[in-house]
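> First the structure, then my questions, so here it is.
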Amino acid sequence: MTAQRLAMRLLAGYRPLAVQRRTLAPQYRGLATSQTTANSGDLYDVVIIGGGPAGCALAAALGSLDALSRMRVALVDPGKLGEMRQWTPPADAYLPRTLQITSSNKRYLDKLGLWQWCFEDRVQAYNRAVVTDALGGGAVDLATVPLPGRNDTAFMVETKNLVSGLLKALDHSSSCDVIERARVTEIEAAPSMWPAVTLSNSRRLQARLIVGADGASSRVRKYAGIGTYGTEYAQYGLVATLCLDQLNSTAFQRFLPSGPVALLPFPGGFANLVWSLDSELVQLLKTAPEGIFADLINAAFRLTPAEMEYIYSLLRSGVDPDTIGAEIAWRLDVFARNNPDTNIKLPPRVAALSPRSRTSFPLRMRMVDTLVANRVALIGDAGHVMHPLAGQGLNMGLADVQCLAQVLEQAAAAGEDLGSAAVLDRYNSQRYVRNLAMQGIVDKVWHVFGAHSGTVATLRSLAMNGLDRLPAIKSRMIHAFMQ
């Protein structure tokens with residue numbers, strides 16, 4: 001290598017910064033709070049903004065790869081990540097904010113030694129999902145058969161459980177500083193050509209690469225000038241924790257004219273509810289008595305759309321809860337007598353609702369013009385937002401993490417500048433189109449099942465019933481979603 005080329009590489013900054021260590025109590029290893037003494041111009045190889053699942057996963061992944069072990073990484077979040085890391089799960093309940101993880105993403109976390117830090121007894125594996133259409137009567141049973149060298153099992157995990165485990169894994173990474181309780185107040189292009197991040201605790205971090213993992217309203221994305229486009233679904237996702245009348249390891253989803261309702265399994269007879277509804281119905285159901293709400297979930301998986309609309313009208317009219325409960329019970333009894341052989345396609349009955357577990361969030365689809373800009377990369381919801389009906393949001397984020405970590409590992413091994421356009425373009429070329437494709441598929445499914453036309457309902461149910469009789473195609477479809 002000539003002296004000129006060597007000088008150019010040094011100016012490009014391809015070598016990792018020396019890891020700067022400081023002594024902290026064991027329980028706060030790698031944790032810097034707003035009380036930490038401010039340092040002007042802290043230099044990092046990678047600064048990750050956002051301590052959610054995607055951001056924590058990337059930080060932990062970078063710390064687990066030998067080629068990146070000398071890189072200096074910072075994870076910044078305004079939340080109390082120290083408390084999150086020390087999270088102790090409740091003994092008799094599950095949290096309503098949950099995630100579905102595909103088998104391939106679970107294998108990745110396992111391979112890096114990250115999954116072991118979660119409370120695995122609170123994770124539910126499942127390999128069967130039953131999907132039905134309330135209008136057309138179609139049904140498809142998506143059960144997988146284990147094959148040699150292939151596992152299409154999915155896993156349900158609480159968001160806090162996963163993030164807490166990833167933060168624990170970071171305790172064993174000397175190259176990552178976790179900076180909690182610190183908001184990003186400004187991001188600017190510094191004279192050095194490295195962007196500078198100013199935090200609310202007065203620290204100023206400069207980085208070869210800033211990774212935006214800060215959610216749908218990403219400040220990093222706005223700084224980079226990356227445009228977004230998409231659609232508002234005019235619906236909210238209503239989530240809650242349910243107690244079932246029996247153990248269950250199957251996921252159930254029913255498409256209603258008002259939106260899909262899903263019941264996702266957890267250990268010990270618990271389940272997670274995700275119900276898509278318009279704003280008026282969400283408020284109606286969030287404020288309904290807990291007993292009536294449990295009855296409504298049982299009804300949503302069994303009664304006709306017309307019957308559900310009638311029950312909603314009783315709620316709107318302020319009818320006495322006992323009267324509504326009796327009406328639902330009578331209709332469910334009639335359903336059971338008229339459909340004695342359909343239990344295999346139905347979820348267990350909801351016996352109760354975990355107190356104060358109902359919460360909601362708006363549903364939307366957001367795409368970006370690109371996942372990268374000058375020394376900036378986006379992962380997770382900062383780069384794509386989609387409807388939760390297929391449970392692919394976090395899985396796309398973890399796929400981003402896998403790809404970006406691999407690209408950075410290869411760049412470090414080759415002595416490249418981690419934040420260079422050439423490196424980031426490799427990440428963008430591998431993930432951008434795939435993310436768009438998955439968003440497009442989920443959006444089309446939502447629109448197809450949101451159509452109320454009798455003809456459309458008949459056609460989609462014929463397609464579902466036909467697919468149910470083609471196990472080979474079902475298996476390929478499941479495998480595609482699990483990868």
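Every chain in the structure tokens has a letter given in the order shown (A, B, ...), and although residue numbers restart at 1 in each chain, ligands are simply numbered from 1 in the order shown.
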With the cut-off set at 8 Å and counting only C-alpha atoms, tabulate each residue of stretch 193-303 of chain A with an atom at most that distance from an atom of stretch 89-107 of chain A, showing the nearest atom pair and its distance in Å to one decimal, ordered by chain and increasing number, as a tab-separated table.

```
residue	atom	partner	partner_atom	distance
A:Val239	CA	A:Pro96	CA	6.0
A:Ala240	CA	A:Pro96	CA	4.9
A:Thr241	CA	A:Pro96	CA	5.1
A:Phe270	CA	A:Tyr94	CA	7.4
A:Asn272	CA	A:Pro96	CA	6.3
A:Leu273	CA	A:Pro96	CA	7.7
```
> Within 8 Å of A:Val274, counting only C-alpha atoms, which residues qualify if same-chain residues fewer than 4 places away don't, as a ChimeraX atom specification?
/A:237-240,261-263
> Could you tell me which of A:Ile478, A:Met386, A:Ala405, A:Leu205 comes closest to A:Ala129 if we count only C-alpha atoms?
A:Ile478
> When distances are computed from only C-alpha atoms, which of A:Ile179, A:Leu296, A:Val442, A:Ala234 shows the smallest separation from A:Asp278?
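Ranking A:Ile179, A:Leu296, A:Val442, A:Ala234 by distance to A:Asp278, first place goes to A:Ala234.
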> Please list as a PyMOL selection string every residue within 6 Å of stretch 338-351 of chain A, counting only C-alpha atoms and excluding residues in the same chain fewer than 2 positions away.
chain A and resi 243-245+294+335-336
> Using the selection just defined, write its residues with C-alpha atoms as a PDB file, in the first residue's frame.

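What ended up in part.pdb:
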```pdb
ATOM      1  CA  CYS A 243     -56.948 -15.600  30.993  1.00  0.00           C
ATOM      2  CA  LEU A 244     -58.318 -18.623  29.113  1.00  0.00           C
ATOM      3  CA  ASP A 245     -60.357 -21.502  30.462  1.00  0.00           C
ATOM      4  CA  ALA A 294     -64.224 -10.904  27.949  1.00  0.00           C
ATOM      5  CA  PHE A 335     -73.956 -20.976  18.449  1.00  0.00           C
ATOM      6  CA  ALA A 336     -72.572 -23.915  20.450  1.00  0.00           C
TER       7      ALA A 336
END
```
> Mind the document's chain letters and residue numbers, and return as a list in words the residues of stretch 106-266 of chain A that DSSP labels alpha helix (DSSP H).
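Checking each residue of stretch 106-266 of chain A, the alpha helix (DSSP H) ones are Lys106, Arg107, Tyr108, Leu109, Asp110, Lys111, Thr159, Lys160, Asn161, Leu162, Val163, Ser164, Gly165, Leu166, Leu167, Lys168, Ala169, Leu170, Arg219, Val220, Arg221, Lys222, Tyr223 and Ala224 of chain A.
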> Now that the selection is made, can you save its residues with N, CA and C atoms as a PDB file, in the first residue's frame?

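The resulting result_4.pdb:
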```
ATOM      1  N   LYS A 106     -35.170 -16.048  16.063  1.00  0.00           N
ATOM      2  CA  LYS A 106     -34.845 -16.701  17.347  1.00  0.00           C
ATOM      3  C   LYS A 106     -33.492 -17.408  17.246  1.00  0.00           C
ATOM      4  N   ARG A 107     -33.229 -18.100  16.134  1.00  0.00           N
ATOM      5  CA  ARG A 107     -31.941 -18.771  15.952  1.00  0.00           C
ATOM      6  C   ARG A 107     -30.794 -17.759  15.961  1.00  0.00           C
ATOM      7  N   TYR A 108     -31.018 -16.615  15.356  1.00  0.00           N
ATOM      8  CA  TYR A 108     -29.977 -15.582  15.321  1.00  0.00           C
ATOM      9  C   TYR A 108     -29.648 -15.092  16.730  1.00  0.00           C
ATOM     10  N   LEU A 109     -30.671 -14.799  17.512  1.00  0.00           N
ATOM     11  CA  LEU A 109     -30.441 -14.355  18.891  1.00  0.00           C
ATOM     12  C   LEU A 109     -29.775 -15.444  19.711  1.00  0.00           C
ATOM     13  N   ASP A 110     -30.150 -16.701  19.458  1.00  0.00           N
ATOM     14  CA  ASP A 110     -29.514 -17.833  20.136  1.00  0.00           C
ATOM     15  C   ASP A 110     -28.035 -17.930  19.774  1.00  0.00           C
ATOM     16  N   LYS A 111     -27.743 -17.804  18.481  1.00  0.00           N
ATOM     17  CA  LYS A 111     -26.374 -17.955  17.997  1.00  0.00           C
ATOM     18  C   LYS A 111     -25.436 -16.939  18.636  1.00  0.00           C
ATOM     19  N   THR A 159     -42.606  -7.694  25.245  1.00  0.00           N
ATOM     20  CA  THR A 159     -41.615  -6.723  24.818  1.00  0.00           C
ATOM     21  C   THR A 159     -40.601  -6.446  25.923  1.00  0.00           C
ATOM     22  N   LYS A 160     -41.062  -6.276  27.147  1.00  0.00           N
ATOM     23  CA  LYS A 160     -40.156  -5.996  28.262  1.00  0.00           C
ATOM     24  C   LYS A 160     -39.213  -7.154  28.520  1.00  0.00           C
ATOM     25  N   ASN A 161     -39.702  -8.364  28.363  1.00  0.00           N
ATOM     26  CA  ASN A 161     -38.863  -9.541  28.577  1.00  0.00           C
ATOM     27  C   ASN A 161     -37.697  -9.549  27.593  1.00  0.00           C
ATOM     28  N   LEU A 162     -37.989  -9.284  26.321  1.00  0.00           N
ATOM     29  CA  LEU A 162     -36.936  -9.286  25.309  1.00  0.00           C
ATOM     30  C   LEU A 162     -35.941  -8.150  25.534  1.00  0.00           C
ATOM     31  N   VAL A 163     -36.448  -6.929  25.744  1.00  0.00           N
ATOM     32  CA  VAL A 163     -35.551  -5.776  25.917  1.00  0.00           C
ATOM     33  C   VAL A 163     -34.707  -5.938  27.179  1.00  0.00           C
ATOM     34  N   SER A 164     -35.316  -6.405  28.257  1.00  0.00           N
ATOM     35  CA  SER A 164     -34.573  -6.625  29.496  1.00  0.00           C
ATOM     36  C   SER A 164     -33.450  -7.633  29.276  1.00  0.00           C
ATOM     37  N   GLY A 165     -33.739  -8.713  28.550  1.00  0.00           N
ATOM     38  CA  GLY A 165     -32.714  -9.709  28.279  1.00  0.00           C
ATOM     39  C   GLY A 165     -31.573  -9.153  27.437  1.00  0.00           C
ATOM     40  N   LEU A 166     -31.908  -8.355  26.436  1.00  0.00           N
ATOM     41  CA  LEU A 166     -30.872  -7.772  25.585  1.00  0.00           C
ATOM     42  C   LEU A 166     -29.992  -6.802  26.373  1.00  0.00           C
ATOM     43  N   LEU A 167     -30.599  -6.046  27.279  1.00  0.00           N
ATOM     44  CA  LEU A 167     -29.819  -5.125  28.109  1.00  0.00           C
ATOM     45  C   LEU A 167     -28.903  -5.894  29.059  1.00  0.00           C
ATOM     46  N   LYS A 168     -29.362  -7.027  29.551  1.00  0.00           N
ATOM     47  CA  LYS A 168     -28.489  -7.857  30.395  1.00  0.00           C
ATOM     48  C   LYS A 168     -27.306  -8.367  29.584  1.00  0.00           C
ATOM     49  N   ALA A 169     -27.570  -8.742  28.344  1.00  0.00           N
ATOM     50  CA  ALA A 169     -26.482  -9.210  27.480  1.00  0.00           C
ATOM     51  C   ALA A 169     -25.445  -8.114  27.268  1.00  0.00           C
ATOM     52  N   LEU A 170     -25.904  -6.853  27.237  1.00  0.00           N
ATOM     53  CA  LEU A 170     -24.975  -5.734  27.051  1.00  0.00           C
ATOM     54  C   LEU A 170     -24.028  -5.565  28.235  1.00  0.00           C
ATOM     55  N   ARG A 219     -36.341  10.847  15.111  1.00  0.00           N
ATOM     56  CA  ARG A 219     -35.638  12.126  14.998  1.00  0.00           C
ATOM     57  C   ARG A 219     -34.427  11.980  14.083  1.00  0.00           C
ATOM     58  N   VAL A 220     -33.816  10.804  14.109  1.00  0.00           N
ATOM     59  CA  VAL A 220     -32.663  10.561  13.241  1.00  0.00           C
ATOM     60  C   VAL A 220     -33.086  10.645  11.778  1.00  0.00           C
ATOM     61  N   ARG A 221     -34.223  10.058  11.471  1.00  0.00           N
ATOM     62  CA  ARG A 221     -34.720  10.097  10.086  1.00  0.00           C
ATOM     63  C   ARG A 221     -34.978  11.536   9.641  1.00  0.00           C
ATOM     64  N   LYS A 222     -35.540  12.339  10.524  1.00  0.00           N
ATOM     65  CA  LYS A 222     -35.805  13.735  10.175  1.00  0.00           C
ATOM     66  C   LYS A 222     -34.503  14.493   9.968  1.00  0.00           C
ATOM     67  N   TYR A 223     -33.511  14.236  10.821  1.00  0.00           N
ATOM     68  CA  TYR A 223     -32.212  14.894  10.650  1.00  0.00           C
ATOM     69  C   TYR A 223     -31.614  14.543   9.291  1.00  0.00           C
ATOM     70  N   ALA A 224     -31.728  13.273   8.903  1.00  0.00           N
ATOM     71  CA  ALA A 224     -31.135  12.815   7.644  1.00  0.00           C
ATOM     72  C   ALA A 224     -31.909  13.287   6.425  1.00  0.00           C
TER      73      ALA A 224
END
```
> So how many Å separate atom CA of A:Asp171 and atom CA of A:Leu68, to one decimal?
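Distance between the two atoms: 16.2 Å.
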> Which residue is closest to A:Asp77? Choose from A:Gln235, A:Asn201, A:Asn298, A:Asn374 and count only C-alpha atoms.
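Using only C-alpha atoms, the shortest distance to A:Asp77 belongs to A:Asn201.
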> For A:Pro260, which residue out of A:Ala288, A:Ile379, A:Val372, A:Ile297 is the nearest one, using only C-alpha atoms?
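Checking each of A:Ala288, A:Ile379, A:Val372, A:Ile297 against A:Pro260, counting only C-alpha atoms, the winner is A:Ile297.
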> With distances taken over only C-alpha atoms, which residue among A:Val131, A:Ala59, A:Met396, A:Ala74 lies nearest A:Ser461?
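Selected residue with least distance to A:Ser461: A:Val131.
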> Could you jot down the atom CA of A:Ala399 to atom CA of A:Arg366 separation for me, Å, one decimal place?
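Between atom CA of A:Ala399 and atom CA of A:Arg366 the gap is 17.5 Å.
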> If you count only C-alpha atoms, which residues fall within 12 Å of A:Gly325, apart from same-chain ones fewer than 2 positions away, as a list in words?
Ala288, Pro289, Glu290, Gly291, Ile292, Phe293, Ala294, Asp295, Leu296, Asn298, Ala299, Ile311, Leu314, Leu315, Val319, Asp320, Pro321, Asp322, Thr323, Glu327, Ile328, Ala329, Trp330, Arg331 and Leu332 of chain A
> Hey, can you check how far atom CA of A:Leu303 sits from atom CA of A:Leu281?
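Going from atom CA of A:Leu303 over to atom CA of A:Leu281 covers 17.1 Å.
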> Counting only C-alpha atoms, which of A:Pro78, A:Phe252, A:Tyr233, A:Phe119 gets nearest to A:Val178?
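Checking each candidate against A:Val178, we get A:Pro78 as the closest.
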> Running DSSP on the backbone, which parts of stretch 297-461 of chain A land in strand (DSSP E), as a ChimeraX atom specification?
/A:350-353,359-368,372-373,376-378
> Residues of the last selection are to be written out with N, CA and C atoms, as a CSV table (one decimal), in the first residue's frame.

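Done, and the output landed in result34.csv:
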```csv
chain,number,residue,atom,x,y,z
A,350,VAL,N,-62.4,-17.2,26.7
A,350,VAL,CA,-61.8,-16.2,27.6
A,350,VAL,C,-62.6,-16.2,28.9
A,351,ALA,N,-61.9,-16.6,30.0
A,351,ALA,CA,-62.5,-16.6,31.3
A,351,ALA,C,-62.5,-15.3,32.0
A,352,ALA,N,-61.4,-14.6,31.8
A,352,ALA,CA,-61.3,-13.3,32.5
A,352,ALA,C,-60.2,-12.4,31.8
A,353,LEU,N,-60.2,-11.2,32.2
A,353,LEU,CA,-59.3,-10.2,31.6
A,353,LEU,C,-58.3,-9.8,32.7
A,359,THR,N,-54.9,-1.5,26.4
A,359,THR,CA,-54.3,-0.3,25.9
A,359,THR,C,-54.4,-0.3,24.4
A,360,SER,N,-54.2,0.8,23.7
A,360,SER,CA,-54.4,0.9,22.3
A,360,SER,C,-53.3,1.8,21.6
A,361,PHE,N,-53.2,1.6,20.3
A,361,PHE,CA,-52.2,2.4,19.6
A,361,PHE,C,-52.7,2.5,18.1
A,362,PRO,N,-52.4,3.6,17.5
A,362,PRO,CA,-52.9,3.8,16.1
A,362,PRO,C,-52.2,2.9,15.1
A,363,LEU,N,-53.0,2.5,14.1
A,363,LEU,CA,-52.5,1.6,13.0
A,363,LEU,C,-52.2,2.4,11.8
A,364,ARG,N,-51.0,2.2,11.2
A,364,ARG,CA,-50.6,2.9,10.0
A,364,ARG,C,-49.6,2.1,9.3
A,365,MET,N,-49.4,2.5,8.0
A,365,MET,CA,-48.3,2.0,7.2
A,365,MET,C,-47.4,3.2,6.8
A,366,ARG,N,-46.1,3.1,7.1
A,366,ARG,CA,-45.2,4.1,6.7
A,366,ARG,C,-44.0,3.5,6.0
A,367,MET,N,-43.7,4.0,4.8
A,367,MET,CA,-42.5,3.6,4.1
A,367,MET,C,-41.5,4.8,4.0
A,368,VAL,N,-40.3,4.5,3.8
A,368,VAL,CA,-39.3,5.6,3.6
A,368,VAL,C,-38.7,5.6,2.2
A,372,VAL,N,-30.9,4.7,4.3
A,372,VAL,CA,-29.6,5.3,4.6
A,372,VAL,C,-29.5,6.7,4.1
A,373,ALA,N,-28.6,7.4,4.7
A,373,ALA,CA,-28.2,8.8,4.2
A,373,ALA,C,-26.7,9.0,4.7
A,376,VAL,N,-25.8,7.7,8.2
A,376,VAL,CA,-27.0,7.4,8.9
A,376,VAL,C,-27.6,6.1,8.3
A,377,ALA,N,-28.1,5.2,9.2
A,377,ALA,CA,-28.8,4.0,8.8
A,377,ALA,C,-30.0,3.9,9.7
A,378,LEU,N,-31.2,3.5,9.1
A,378,LEU,CA,-32.4,3.3,9.9
A,378,LEU,C,-32.7,1.8,10.1
```
